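Source file: data_8.txt. Holds: compact mmCIF, C-alpha atoms.
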# COMPACT_ATOMS: atom_id res chain seq x y z
CA MET A 243 -19.08 -7.64 -11.06
CA ALA A 244 -16.43 -9.40 -13.11
CA LEU A 245 -18.83 -10.61 -15.77
CA PRO A 246 -21.22 -8.32 -17.57
CA THR A 247 -24.75 -9.38 -16.87
CA PHE A 248 -26.24 -8.51 -20.26
CA SER A 249 -29.68 -8.11 -18.82
CA MET A 250 -31.34 -4.78 -19.35
CA ALA A 251 -28.93 -3.50 -21.93
CA ASP A 252 -27.52 -6.25 -24.07
CA PRO A 253 -25.48 -5.45 -27.12
CA ASP A 254 -27.76 -6.43 -29.98
CA ASP A 255 -27.38 -8.97 -32.76
CA ASP A 256 -27.76 -6.63 -35.74
CA LYS A 257 -25.54 -7.00 -38.76
CA LEU A 258 -23.50 -4.08 -40.05
CA VAL A 259 -23.45 -3.70 -43.82
CA ILE A 260 -22.47 -0.27 -45.15
CA ASN A 261 -24.07 1.02 -48.37
CA GLY A 262 -25.58 -2.40 -48.85
CA GLU A 263 -22.17 -3.77 -49.85
CA ILE A 264 -19.40 -3.42 -47.28
CA GLU A 265 -19.81 -6.17 -44.70
CA VAL A 266 -18.18 -5.32 -41.39
CA ALA A 267 -17.29 -7.94 -38.79
CA THR A 268 -18.61 -6.52 -35.52
CA LYS A 269 -18.36 -9.62 -33.32
CA VAL A 270 -15.30 -11.80 -33.47
CA ALA A 271 -13.46 -14.36 -31.39
CA PRO A 272 -10.84 -12.84 -29.07
CA ALA A 273 -7.18 -12.94 -30.02
CA ALA A 274 -4.98 -15.27 -27.99
CA HIS A 275 -3.07 -12.36 -26.42
CA LEU A 276 -6.27 -11.27 -24.66
CA ASP A 277 -5.78 -14.26 -22.41
CA GLY A 278 -9.49 -14.77 -21.88
CA ALA A 279 -10.13 -11.17 -20.76
CA LEU A 280 -13.06 -10.99 -23.20
CA SER A 281 -15.22 -13.92 -24.28
CA GLU A 282 -16.26 -12.14 -27.45
CA VAL A 283 -14.86 -9.02 -29.06
CA MET A 284 -17.54 -6.51 -30.05
CA SER A 285 -17.65 -3.24 -31.89
CA GLY A 286 -19.07 -0.20 -30.08
CA TRP A 287 -21.66 -0.14 -32.88
CA HIS A 288 -23.62 -2.90 -31.12
CA PHE A 289 -24.06 -0.75 -28.05
CA ARG A 290 -25.70 2.16 -29.81
CA ASN A 291 -29.40 2.47 -30.53
CA ASP A 292 -31.00 1.57 -33.86
CA ASP A 293 -31.13 5.14 -35.16
CA THR A 294 -27.47 5.76 -34.50
CA GLN A 295 -26.59 2.39 -35.98
CA ALA A 296 -28.57 3.13 -39.12
CA MET A 297 -26.72 6.39 -39.73
CA GLU A 298 -23.52 4.44 -40.18
CA MET A 299 -25.04 2.06 -42.69
CA ASP A 300 -25.38 4.58 -45.49
CA ASP A 301 -22.77 7.15 -46.47
CA PHE A 302 -25.48 9.69 -47.25
CA ASP A 303 -26.73 9.48 -43.66
CA ASN A 304 -23.29 9.32 -42.06
CA PRO A 305 -22.26 12.85 -41.07
CA GLY A 306 -18.69 11.61 -40.70
CA MET A 307 -18.49 11.18 -44.47
CA LEU A 308 -18.63 14.96 -44.89
CA GLY A 309 -15.34 15.11 -43.02
CA ALA A 310 -13.95 12.34 -45.21
CA GLU A 311 -15.02 14.29 -48.32
CA ASN A 312 -13.24 17.33 -46.99
CA GLY A 313 -10.26 15.07 -46.35
CA MET A 314 -10.29 14.12 -50.03
CA ALA A 315 -10.22 17.80 -51.04
CA ILE A 316 -7.23 18.33 -48.73
CA TRP A 317 -5.58 15.25 -50.24
CA GLU A 318 -5.70 16.80 -53.69
CA ALA A 319 -4.53 20.29 -52.73
CA ALA A 320 -0.86 21.19 -53.11
CA GLU A 321 0.70 22.70 -50.00
CA GLY A 322 4.08 23.65 -48.63
CA SER A 323 7.37 24.75 -50.17
CA GLU A 324 7.57 21.74 -52.51
CA GLY A 325 4.23 22.54 -54.11
CA LYS A 326 3.05 18.95 -53.73
CA SER A 327 -0.23 17.34 -52.74
CA CYS A 328 -0.75 13.96 -51.11
CA ALA A 329 -2.24 12.85 -54.43
CA ASP A 330 0.95 13.72 -56.32
CA CYS A 331 2.77 10.91 -54.57
CA HIS A 332 0.00 8.57 -53.46
CA GLY A 333 -2.51 8.90 -56.31
CA ASP A 334 -5.91 7.39 -55.63
CA PRO A 335 -6.22 6.72 -51.88
CA ALA A 336 -8.72 3.94 -52.59
CA GLU A 337 -5.69 2.04 -53.90
CA SER A 338 -2.69 3.47 -52.06
CA MET A 339 -4.30 3.79 -48.62
CA LYS A 340 -6.28 0.56 -48.65
CA GLY A 341 -5.52 -1.37 -45.46
CA VAL A 342 -3.52 1.43 -43.84
CA ARG A 343 -5.99 2.19 -41.02
CA ALA A 344 -6.26 -1.53 -40.23
CA SER A 345 -2.53 -2.03 -39.67
CA TYR A 346 -1.65 1.08 -37.64
CA PRO A 347 -0.09 1.97 -35.23
CA LYS A 348 2.95 0.32 -36.74
CA PHE A 349 6.62 0.17 -35.85
CA ASP A 350 8.53 2.27 -38.34
CA GLU A 351 12.03 0.98 -39.08
CA LYS A 352 13.35 4.28 -40.40
CA ALA A 353 12.02 6.40 -37.55
CA GLY A 354 12.86 3.66 -35.06
CA THR A 355 9.57 4.11 -33.24
CA LEU A 356 5.89 3.24 -33.23
CA MET A 357 3.89 5.50 -35.52
CA THR A 358 0.21 6.28 -35.91
CA VAL A 359 -1.48 7.18 -39.20
CA GLN A 360 -1.47 10.83 -38.18
CA MET A 361 2.25 10.72 -37.45
CA LYS A 362 2.90 9.27 -40.90
CA MET A 363 0.79 12.00 -42.46
CA ASN A 364 2.78 14.64 -40.65
CA GLU A 365 6.05 12.98 -41.62
CA CYS A 366 5.01 13.45 -45.25
CA ARG A 367 4.06 17.03 -44.62
CA THR A 368 7.20 18.11 -42.84
CA GLU A 369 9.76 15.92 -44.66
CA ARG A 370 8.32 15.64 -48.15
CA MET A 371 6.07 18.65 -48.72
CA GLY A 372 7.78 21.40 -46.79
CA ALA A 373 4.51 22.01 -44.98
CA GLU A 374 3.72 22.42 -41.30
CA ALA A 375 2.63 19.47 -39.22
CA TRP A 376 -1.08 19.33 -38.52
CA LYS A 377 -2.25 19.57 -34.92
CA TYR A 378 -2.93 16.12 -33.50
CA ASP A 379 -6.55 14.91 -33.67
CA ALA A 380 -7.74 18.30 -34.89
CA GLY A 381 -9.46 19.68 -38.02
CA LYS A 382 -7.58 18.67 -41.15
CA ALA A 383 -5.71 15.75 -39.63
CA ILE A 384 -8.96 14.10 -38.57
CA ASP A 385 -10.69 14.72 -41.89
CA VAL A 386 -7.83 13.19 -43.86
CA GLU A 387 -7.57 10.30 -41.39
CA ALA A 388 -11.32 9.68 -41.80
CA MET A 389 -10.91 9.59 -45.57
CA ILE A 390 -7.96 7.20 -45.28
CA ALA A 391 -9.88 5.00 -42.83
CA SER A 392 -12.88 4.83 -45.16
CA HIS A 393 -10.72 2.95 -47.66
CA SER A 394 -10.14 0.18 -45.13
CA ARG A 395 -13.76 -0.28 -44.16
CA GLY A 396 -14.63 -3.90 -43.69
CA MET A 397 -10.98 -4.97 -43.48
CA PRO A 398 -10.02 -6.68 -40.21
CA VAL A 399 -7.94 -4.83 -37.62
CA ASN A 400 -4.54 -6.42 -37.94
CA VAL A 401 -1.78 -4.74 -35.95
CA ALA A 402 1.64 -6.24 -35.28
CA ILE A 403 2.40 -6.50 -31.58
CA ASP A 404 5.53 -8.63 -31.68
CA GLY A 405 9.16 -7.82 -32.45
CA PRO A 406 10.01 -4.14 -32.13
CA ALA A 407 6.34 -3.29 -31.39
CA ALA A 408 6.31 -5.48 -28.28
CA PRO A 409 7.65 -2.95 -25.76
CA PHE A 410 5.07 -0.39 -26.93
CA TRP A 411 2.32 -2.97 -26.60
CA GLU A 412 3.45 -3.82 -23.06
CA LYS A 413 3.45 -0.17 -22.11
CA GLY A 414 -0.02 0.31 -23.59
CA LYS A 415 -1.28 -2.69 -21.68
CA GLU A 416 0.06 -1.33 -18.42
CA ILE A 417 -1.73 1.97 -19.04
CA TYR A 418 -4.95 0.11 -19.90
CA TYR A 419 -5.01 -1.57 -16.51
CA THR A 420 -3.83 1.38 -14.41
CA ARG A 421 -6.52 2.88 -12.20
CA TYR A 422 -6.05 6.59 -12.74
CA GLY A 423 -7.47 9.59 -11.00
CA GLN A 424 -9.45 10.27 -7.88
CA LEU A 425 -12.12 7.79 -9.01
CA GLU A 426 -9.43 5.11 -9.43
CA LEU A 427 -10.83 3.62 -12.61
CA SER A 428 -8.88 1.96 -15.39
CA CYS A 429 -9.98 1.43 -18.96
CA ALA A 430 -10.65 -2.15 -17.88
CA SER A 431 -12.91 -1.04 -14.98
CA CYS A 432 -15.38 0.31 -17.49
CA HIS A 433 -14.70 -1.47 -20.79
CA GLU A 434 -13.67 -4.95 -19.66
CA GLU A 435 -15.46 -5.51 -16.34
CA ASN A 436 -18.59 -3.55 -17.15
CA TYR A 437 -19.32 -3.48 -20.85
CA GLY A 438 -23.02 -4.04 -21.41
CA ASN A 439 -23.82 -2.24 -18.16
CA MET A 440 -25.17 1.27 -17.79
CA ILE A 441 -23.11 3.94 -16.11
CA ARG A 442 -25.84 6.49 -15.60
CA ALA A 443 -27.32 6.99 -19.07
CA ASP A 444 -24.27 5.65 -20.89
CA HIS A 445 -24.29 2.12 -22.26
CA LEU A 446 -20.73 0.89 -21.79
CA SER A 447 -19.09 -0.75 -24.78
CA GLN A 448 -15.74 -2.52 -24.92
CA GLY A 449 -14.07 0.76 -25.89
CA GLN A 450 -12.81 -0.60 -29.21
CA ILE A 451 -11.21 1.71 -31.77
CA ASN A 452 -12.08 0.00 -35.06
CA GLY A 453 -14.62 2.77 -35.65
CA PHE A 454 -12.26 5.72 -35.49
CA PRO A 455 -12.34 8.51 -36.40
CA THR A 456 -15.81 8.60 -34.90
CA TYR A 457 -18.54 11.10 -35.59
CA ARG A 458 -20.18 11.75 -32.22
CA LEU A 459 -23.69 13.11 -32.07
CA LYS A 460 -22.82 14.58 -28.68
CA ASN A 461 -20.27 17.06 -30.01
CA ALA A 462 -21.30 16.91 -33.69
CA LYS A 463 -17.84 16.37 -35.11
CA LEU A 464 -15.26 13.75 -35.94
CA ASN A 465 -13.26 12.59 -32.92
CA GLY A 466 -9.82 11.02 -32.88
CA VAL A 467 -8.72 8.01 -30.87
CA HIS A 468 -6.45 10.00 -28.57
CA SER A 469 -9.11 12.62 -27.87
CA ARG A 470 -11.44 9.83 -26.81
CA PHE A 471 -8.78 8.36 -24.53
CA LYS A 472 -8.24 11.79 -23.04
CA GLY A 473 -11.96 12.27 -22.38
CA CYS A 474 -12.25 8.87 -20.71
CA ILE A 475 -9.24 9.46 -18.45
CA ARG A 476 -10.48 12.95 -17.60
CA ASP A 477 -13.75 11.37 -16.47
CA THR A 478 -11.86 9.53 -13.75
CA ARG A 479 -10.87 12.92 -12.29
CA ALA A 480 -7.32 12.32 -13.43
CA HIS A 481 -4.54 14.38 -14.89
CA THR A 482 -4.76 13.16 -18.49
CA PHE A 483 -2.13 12.55 -21.15
CA SER A 484 -2.19 14.58 -24.36
CA PRO A 485 -3.20 13.55 -27.88
CA GLY A 486 -0.02 12.52 -29.69
CA SER A 487 1.81 11.64 -26.45
CA ASP A 488 3.96 8.52 -26.19
CA GLU A 489 1.48 7.14 -23.67
CA PHE A 490 -1.48 7.44 -26.03
CA ILE A 491 0.48 6.09 -29.01
CA ALA A 492 1.31 2.97 -26.99
CA LEU A 493 -2.25 2.74 -25.66
CA GLU A 494 -3.60 3.01 -29.20
CA LEU A 495 -1.59 -0.04 -30.25
CA TYR A 496 -2.75 -2.01 -27.23
CA VAL A 497 -6.42 -1.09 -27.62
CA ALA A 498 -6.27 -1.77 -31.37
CA SER A 499 -4.88 -5.22 -30.57
CA ARG A 500 -7.83 -5.95 -28.29
CA GLY A 501 -10.02 -5.50 -31.35
CA MET A 502 -7.98 -7.73 -33.66
CA GLY A 503 -10.29 -9.06 -36.38
CA LEU A 504 -13.03 -6.45 -35.99
CA GLY A 505 -13.85 -4.72 -39.27
CA ILE A 506 -12.70 -1.13 -39.73
CA GLU A 507 -15.71 1.22 -39.61
CA GLY A 508 -14.14 4.68 -39.66
CA PRO A 509 -15.69 7.13 -39.92
CA SER A 510 -18.27 5.52 -37.63
CA VAL A 511 -21.23 7.13 -35.87
CA ARG A 512 -21.60 7.07 -32.09
CA ASN A 513 -23.51 9.10 -29.54
CA MET B 146 -15.48 22.02 -28.32
CA ARG B 147 -15.69 20.25 -24.98
CA PHE B 148 -17.26 16.87 -24.41
CA THR B 149 -20.02 16.77 -21.86
CA THR B 150 -18.42 15.48 -18.75
CA LEU B 151 -19.54 12.15 -17.44
CA THR B 152 -19.65 13.33 -13.88
CA LEU B 153 -19.52 10.26 -11.71
CA ALA B 154 -19.08 12.38 -8.66
CA ALA B 155 -18.55 16.03 -8.12
CA ALA B 156 -16.94 17.33 -4.99
CA LEU B 157 -18.07 20.46 -3.28
CA CYS B 158 -15.34 20.26 -0.76
CA ALA B 159 -14.28 23.74 0.07
CA GLY B 160 -11.03 23.83 1.95
CA ALA B 161 -9.99 22.20 5.15
CA ALA B 162 -12.13 20.31 7.62
CA THR B 163 -13.31 22.20 10.67
CA ALA B 164 -11.88 21.35 14.07
CA SER B 165 -14.63 18.94 15.10
CA GLU B 166 -14.37 16.96 11.87
CA VAL B 167 -12.18 13.94 11.37
CA ALA B 168 -9.85 14.74 8.45
CA PRO B 169 -9.69 12.16 5.65
CA GLY B 170 -6.22 11.04 6.69
CA ASP B 171 -7.26 10.56 10.33
CA VAL B 172 -10.23 8.23 9.88
CA VAL B 173 -9.81 5.16 12.09
CA PHE B 174 -10.88 1.82 10.63
CA ASN B 175 -11.89 -1.18 12.68
CA GLY B 176 -11.43 -3.81 10.01
CA SER B 177 -13.43 -2.31 7.16
CA ALA B 178 -15.83 -0.40 9.45
CA VAL B 179 -15.59 3.14 10.81
CA GLU B 180 -17.26 3.34 14.23
CA ALA B 181 -16.96 7.04 15.04
CA SER B 182 -19.02 9.71 13.33
CA LEU B 183 -16.88 11.92 11.10
CA THR B 184 -18.53 15.07 12.45
CA GLY B 185 -20.30 14.31 15.71
CA VAL B 186 -23.45 15.69 14.11
CA ALA B 187 -26.22 13.15 13.44
CA GLY B 188 -26.79 12.53 9.74
CA ASN B 189 -29.93 13.79 8.01
CA ALA B 190 -31.51 11.07 5.85
CA ASP B 191 -33.35 13.54 3.59
CA GLU B 192 -30.13 15.35 2.83
CA GLY B 193 -28.47 11.98 2.30
CA MET B 194 -31.00 11.08 -0.33
CA LYS B 195 -30.14 14.32 -2.17
CA VAL B 196 -26.43 13.57 -1.99
CA TYR B 197 -27.19 10.07 -3.29
CA SER B 198 -29.17 11.18 -6.33
CA SER B 199 -27.62 14.51 -7.24
CA LYS B 200 -25.18 14.37 -10.11
CA LYS B 201 -23.36 17.32 -8.56
CA MET B 202 -22.87 15.59 -5.20
CA GLY B 203 -22.54 11.84 -4.67
CA ASN B 204 -24.00 10.85 -8.03
CA CYS B 205 -24.32 7.33 -6.67
CA ILE B 206 -27.10 6.73 -9.23
CA ALA B 207 -24.41 6.60 -11.91
CA CYS B 208 -23.88 3.03 -10.71
CA HIS B 209 -26.72 2.17 -8.28
CA GLN B 210 -30.48 1.92 -8.22
CA ILE B 211 -32.94 2.22 -5.32
CA SER B 212 -36.63 1.42 -5.90
CA SER B 213 -37.89 4.16 -3.57
CA VAL B 214 -35.80 6.86 -5.26
CA ASP B 215 -37.31 8.26 -8.41
CA ALA B 216 -34.22 9.37 -10.34
CA PRO B 217 -33.73 9.17 -14.11
CA PHE B 218 -31.20 6.78 -15.65
CA PRO B 219 -29.87 4.83 -12.68
CA GLY B 220 -26.83 2.79 -13.66
CA ASN B 221 -26.23 -0.91 -12.96
CA VAL B 222 -22.48 -1.11 -12.58
CA GLY B 223 -23.12 -1.54 -8.85
CA PRO B 224 -25.84 -3.60 -7.12
CA SER B 225 -29.29 -2.27 -6.20
CA LEU B 226 -29.12 -0.68 -2.76
CA ASP B 227 -32.63 -1.81 -1.79
CA GLY B 228 -32.43 -3.26 1.72
CA VAL B 229 -28.83 -2.19 2.19
CA GLY B 230 -29.69 -1.07 5.75
CA ASP B 231 -30.35 -4.71 6.62
CA ARG B 232 -27.08 -5.93 5.15
CA TRP B 233 -24.70 -3.43 6.78
CA ASN B 234 -24.73 -1.55 10.07
CA VAL B 235 -23.94 2.15 10.41
CA ALA B 236 -20.22 1.67 11.01
CA GLU B 237 -19.93 -0.67 8.05
CA LEU B 238 -21.81 1.71 5.76
CA ARG B 239 -19.53 4.56 6.86
CA GLY B 240 -16.53 2.36 6.07
CA ILE B 241 -17.89 1.56 2.60
CA LEU B 242 -18.33 5.25 1.86
CA VAL B 243 -15.04 6.48 3.31
CA ASN B 244 -13.05 3.87 1.40
CA SER B 245 -14.99 1.11 -0.35
CA LYS B 246 -11.77 -0.75 -1.09
CA MET B 247 -11.50 -1.72 2.59
CA THR B 248 -14.75 -3.69 2.27
CA PHE B 249 -14.65 -4.77 -1.37
CA GLU B 250 -11.15 -5.49 -2.55
CA GLY B 251 -10.48 -4.06 -5.97
CA THR B 252 -13.98 -2.62 -6.37
CA VAL B 253 -14.71 -0.02 -9.04
CA MET B 254 -16.63 2.03 -6.46
CA PRO B 255 -14.68 5.22 -5.65
CA ALA B 256 -13.52 6.13 -2.15
CA TYR B 257 -15.50 9.19 -1.11
CA TYR B 258 -13.47 10.38 1.89
CA ARG B 259 -9.87 9.76 1.03
CA VAL B 260 -7.24 12.14 -0.34
CA ASP B 261 -4.08 10.17 -0.92
CA GLY B 262 -2.70 7.24 -2.85
CA PHE B 263 -4.08 8.24 -6.25
CA ILE B 264 -2.28 7.84 -9.56
CA ARG B 265 -2.23 11.09 -11.54
CA PRO B 266 -4.99 12.76 -9.53
CA GLY B 267 -6.66 15.57 -11.45
CA ASN B 268 -8.23 18.90 -10.72
CA ARG B 269 -11.87 17.74 -10.78
CA TYR B 270 -12.97 17.06 -14.37
CA THR B 271 -10.61 19.48 -16.08
CA GLY B 272 -8.04 16.86 -17.07
CA LYS B 273 -5.38 19.04 -15.45
CA ALA B 274 -3.21 18.00 -12.52
CA ALA B 275 -4.59 18.31 -9.00
CA ASP B 276 -3.64 21.49 -7.18
CA ASP B 277 -3.93 22.61 -3.55
CA THR B 278 -7.74 22.76 -3.76
CA PHE B 279 -7.76 18.94 -3.92
CA GLY B 280 -10.13 17.43 -1.36
CA PRO B 281 -12.22 14.30 -0.81
CA LEU B 282 -15.14 13.55 -3.16
CA LEU B 283 -17.67 14.28 -0.43
CA GLU B 284 -17.62 16.37 2.73
CA ALA B 285 -17.68 14.69 6.13
CA GLN B 286 -21.28 15.72 6.82
CA GLN B 287 -22.41 14.47 3.42
CA ILE B 288 -20.97 11.07 4.34
CA GLU B 289 -22.92 11.14 7.62
CA ASP B 290 -26.11 12.14 5.78
CA LEU B 291 -25.61 9.27 3.32
CA VAL B 292 -25.07 6.81 6.16
CA ALA B 293 -28.32 8.00 7.76
CA PHE B 294 -30.17 7.65 4.47
CA LEU B 295 -28.79 4.20 3.59
CA SER B 296 -29.67 2.89 7.09
CA THR B 297 -33.32 3.64 6.38
CA LEU B 298 -33.31 1.25 3.41
CA LYS B 299 -34.77 -1.88 5.03
CA GLU B 300 -36.85 -4.60 3.48

Rewrite the coordinates I just gave you, this time as structure tokens.
Amino acid sequence: MALPTFSMADPDDDKLVINGEIEVATKVAPAAHLDGALSEVMSGWHFRNDDTQAMEMDDFDNPGMLGAENGMAIWEAAEGSEGKSCADCHGDPAESMKGVRASYPKFDEKAGTLMTVQMKMNECRTERMGAEAWKYDAGKAIDVEAMIASHSRGMPVNVAIDGPAAPFWEKGKEIYYTRYGQLELSCASCHEENYGNMIRADHLSQGQINGFPTYRLKNAKLNGVHSRFKGCIRDTRAHTFSPGSDEFIALELYVASRGMGLGIEGPSVRN
Amino acid sequence: MRFTTLTLAAALCAGAATASEVAPGDVVFNGSAVEASLTGVAGNADEGMKVYSSKKMGNCIACHQISSVDAPFPGNVGPSLDGVGDRWNVAELRGILVNSKMTFEGTVMPAYYRVDGFIRPGNRYTGKAADDTFGPLLEAQQIEDLVAFLSTLKE
């Protein structure tokens, strides 16, 4: 079962162009650090049906864009003891946040640790705005992250995994290949050994995160990367890690690196 | 809001095995096969078919397909089980179900009658840590019923 058979449920060959103008690379050659684990790197978009795919191709049909719009309203609203908004310091996110989603998680020299986009947002809130940190992967944090991601759409995932990021990457890789829970399944069991196959009614993708935050038709809301990780680990009948945990931050870097070169899609649409 | 759980297998194991049952930790392997019945009670193939196809029990259809079983959305992570009764004898089938890893090294197929050696075992599909209600994925008699059912699959 090492190689996906691609028989009854092949990922398709459609091309993803958003709003008729943003071209998104959804199939790319694997990065060298994948060591041949994947012969081709593919976005989860290819594994969804035509209707779901189409929703992502036009912002008016993409329900995730409503969250991004809300994120823009939050961006402009002053909050906290300093009376500042994100816009006061960062101006137009189309300029200041361009490329951010594609390069995170990133090692932060000042903090001395690996940081996700949401952690950076909360750093600004607690250290620069005098506001409370947002709950990880919830409400406002996800809407603002979706808005920020939308300004990187089409840009290739490009995370640094060397230097100070290396130990985090190694840790994330170890988690990726660990067979958790009573079902003893790792991320690789489903997303590396079996992508293209059906697990019951679910068409397994490579579990890439270039599309996050993701609007899922199943729960009708935007979902964060860590929440998705948590759901997948829970499905192995395991004791999961929490959104925002060191384990998931490291795993996010590793999984992002498996999708090096894929175009950012967030907010994407999945089932 | 909760995601719908992708139930690969749902245990109904209530408490400890009865005296006549072989407990998960006491199953004796002969190579990868298990010769002795886990319960001493002959398996019921009809029940086995239910365990096979019910999402709440074995949910084997998440990964397998059998032509004679009319169940929606069979998966294809595992091979078709058509003719599996020709390929494996009863003891071998029991071994595959108790702990598939003894037959297929490194397989993604879960072990259905084992309770130890897991990494971060959970409390079913809650995402929380396992507690003292933790038991095997299937009950001993369900394994015997499955063995009886699978042995009928001949070509």

Residues of stretch 205-297 of chain B that approach stretch 163-176 of chain B to 9 Å or less, counting only C-alpha atoms: could you list each one with the shortest pair of atoms and its distance in Å to one decimal, rows by chain and increasing residue number, as a Markdown table?
| residue | atom | partner | partner_atom | distance |
| --- | --- | --- | --- | --- |
| B:Ala236 | CA | B:Asn175 | CA | 9.0 |
| B:Gly240 | CA | B:Phe174 | CA | 7.3 |
| B:Val243 | CA | B:Pro169 | CA | 8.1 |
| B:Met247 | CA | B:Gly176 | CA | 7.7 |
| B:Thr248 | CA | B:Gly176 | CA | 8.4 |
| B:Tyr258 | CA | B:Pro169 | CA | 5.6 |
| B:Arg259 | CA | B:Pro169 | CA | 5.2 |
| B:Val260 | CA | B:Pro169 | CA | 6.5 |
| B:Asp261 | CA | B:Gly170 | CA | 8.0 |
| B:Gly280 | CA | B:Pro169 | CA | 8.8 |
| B:Pro281 | CA | B:Pro169 | CA | 7.3 |
| B:Ala285 | CA | B:Glu166 | CA | 7.0 |
| B:Gln286 | CA | B:Glu166 | CA | 8.6 |

Give as a PyMOL selection string every residue of chain A that touches chain B within 8 Å, counting all atoms listed in the file.
chain A and resi 243+421-427+431+436+439-443+460-461+472-473+475-482

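The interatomic distance for the pair atom CA of A:Ile451 and atom CA of A:Met314 works out to 22.1 Å.
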
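Taking atom CA of A:Val259 and atom CA of A:Glu298 as endpoints, the distance between them is 8.9 Å.
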
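Going from atom CA of B:Ser198 to atom CA of B:Ser177 covers 24.7 Å.
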
Any idea what's packed within 12 Å of A:Pro398, counting all atoms listed in the file, ignoring anything in its chain fewer than 6 positions away? Could you give it as a PDB file with C-alpha atoms, in the coordinates of the input?
ATOM      1  CA  GLU A 265     -19.810  -6.170 -44.700  1.00  0.00           C
ATOM      2  CA  VAL A 266     -18.180  -5.320 -41.390  1.00  0.00           C
ATOM      3  CA  ALA A 267     -17.290  -7.940 -38.790  1.00  0.00           C
ATOM      4  CA  THR A 268     -18.610  -6.520 -35.520  1.00  0.00           C
ATOM      5  CA  LYS A 269     -18.360  -9.620 -33.320  1.00  0.00           C
ATOM      6  CA  VAL A 270     -15.300 -11.800 -33.470  1.00  0.00           C
ATOM      7  CA  SER A 285     -17.650  -3.240 -31.890  1.00  0.00           C
ATOM      8  CA  LYS A 340      -6.280   0.560 -48.650  1.00  0.00           C
ATOM      9  CA  GLY A 341      -5.520  -1.370 -45.460  1.00  0.00           C
ATOM     10  CA  VAL A 342      -3.520   1.430 -43.840  1.00  0.00           C
ATOM     11  CA  ARG A 343      -5.990   2.190 -41.020  1.00  0.00           C
ATOM     12  CA  ALA A 344      -6.260  -1.530 -40.230  1.00  0.00           C
ATOM     13  CA  SER A 345      -2.530  -2.030 -39.670  1.00  0.00           C
ATOM     14  CA  TYR A 346      -1.650   1.080 -37.640  1.00  0.00           C
ATOM     15  CA  ALA A 391      -9.880   5.000 -42.830  1.00  0.00           C
ATOM     16  CA  ILE A 451     -11.210   1.710 -31.770  1.00  0.00           C
ATOM     17  CA  ASN A 452     -12.080   0.000 -35.060  1.00  0.00           C
ATOM     18  CA  GLY A 453     -14.620   2.770 -35.650  1.00  0.00           C
ATOM     19  CA  ALA A 498      -6.270  -1.770 -31.370  1.00  0.00           C
ATOM     20  CA  SER A 499      -4.880  -5.220 -30.570  1.00  0.00           C
ATOM     21  CA  GLY A 501     -10.020  -5.500 -31.350  1.00  0.00           C
ATOM     22  CA  MET A 502      -7.980  -7.730 -33.660  1.00  0.00           C
ATOM     23  CA  GLY A 503     -10.290  -9.060 -36.380  1.00  0.00           C
ATOM     24  CA  LEU A 504     -13.030  -6.450 -35.990  1.00  0.00           C
ATOM     25  CA  GLY A 505     -13.850  -4.720 -39.270  1.00  0.00           C
ATOM     26  CA  ILE A 506     -12.700  -1.130 -39.730  1.00  0.00           C
ATOM     27  CA  GLU A 507     -15.710   1.220 -39.610  1.00  0.00           C
TER      28      GLU A 507
END

Go through A:His393, A:Asp488, A:Ala353, A:Asp254 and flag the residue nearest A:Asp334, using all atoms listed in the file for the distances.
A:His393

Selected residue of minimal separation from B:Lys299 among B:Asp277, B:Lys246, B:Glu284, B:Asp227, counting all atoms listed in the file:
B:Asp227

Given the point (-26.2, -0.2, -47.6) in the file's coordinates, find the residues that have an atom at most 12 Å from it, counting all atoms listed in the file, and give them as an mmCIF file with C-alpha atoms, in the coordinates of the input.
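Heads up, here's the output in part_26.cif:
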data_model
loop_
_atom_site.group_PDB
_atom_site.id
_atom_site.type_symbol
_atom_site.label_atom_id
_atom_site.label_comp_id
_atom_site.auth_asym_id
_atom_site.auth_seq_id
_atom_site.Cartn_x
_atom_site.Cartn_y
_atom_site.Cartn_z
ATOM 1 C CA LYS A 257 -25.540 -7.000 -38.760
ATOM 2 C CA LEU A 258 -23.500 -4.080 -40.050
ATOM 3 C CA VAL A 259 -23.450 -3.700 -43.820
ATOM 4 C CA ILE A 260 -22.470 -0.270 -45.150
ATOM 5 C CA ASN A 261 -24.070 1.020 -48.370
ATOM 6 C CA GLY A 262 -25.580 -2.400 -48.850
ATOM 7 C CA GLU A 263 -22.170 -3.770 -49.850
ATOM 8 C CA ILE A 264 -19.400 -3.420 -47.280
ATOM 9 C CA GLU A 265 -19.810 -6.170 -44.700
ATOM 10 C CA VAL A 266 -18.180 -5.320 -41.390
ATOM 11 C CA GLN A 295 -26.590 2.390 -35.980
ATOM 12 C CA ALA A 296 -28.570 3.130 -39.120
ATOM 13 C CA MET A 297 -26.720 6.390 -39.730
ATOM 14 C CA GLU A 298 -23.520 4.440 -40.180
ATOM 15 C CA MET A 299 -25.040 2.060 -42.690
ATOM 16 C CA ASP A 300 -25.380 4.580 -45.490
ATOM 17 C CA ASP A 301 -22.770 7.150 -46.470
ATOM 18 C CA PHE A 302 -25.480 9.690 -47.250
ATOM 19 C CA ASP A 303 -26.730 9.480 -43.660
ATOM 20 C CA ASN A 304 -23.290 9.320 -42.060
#
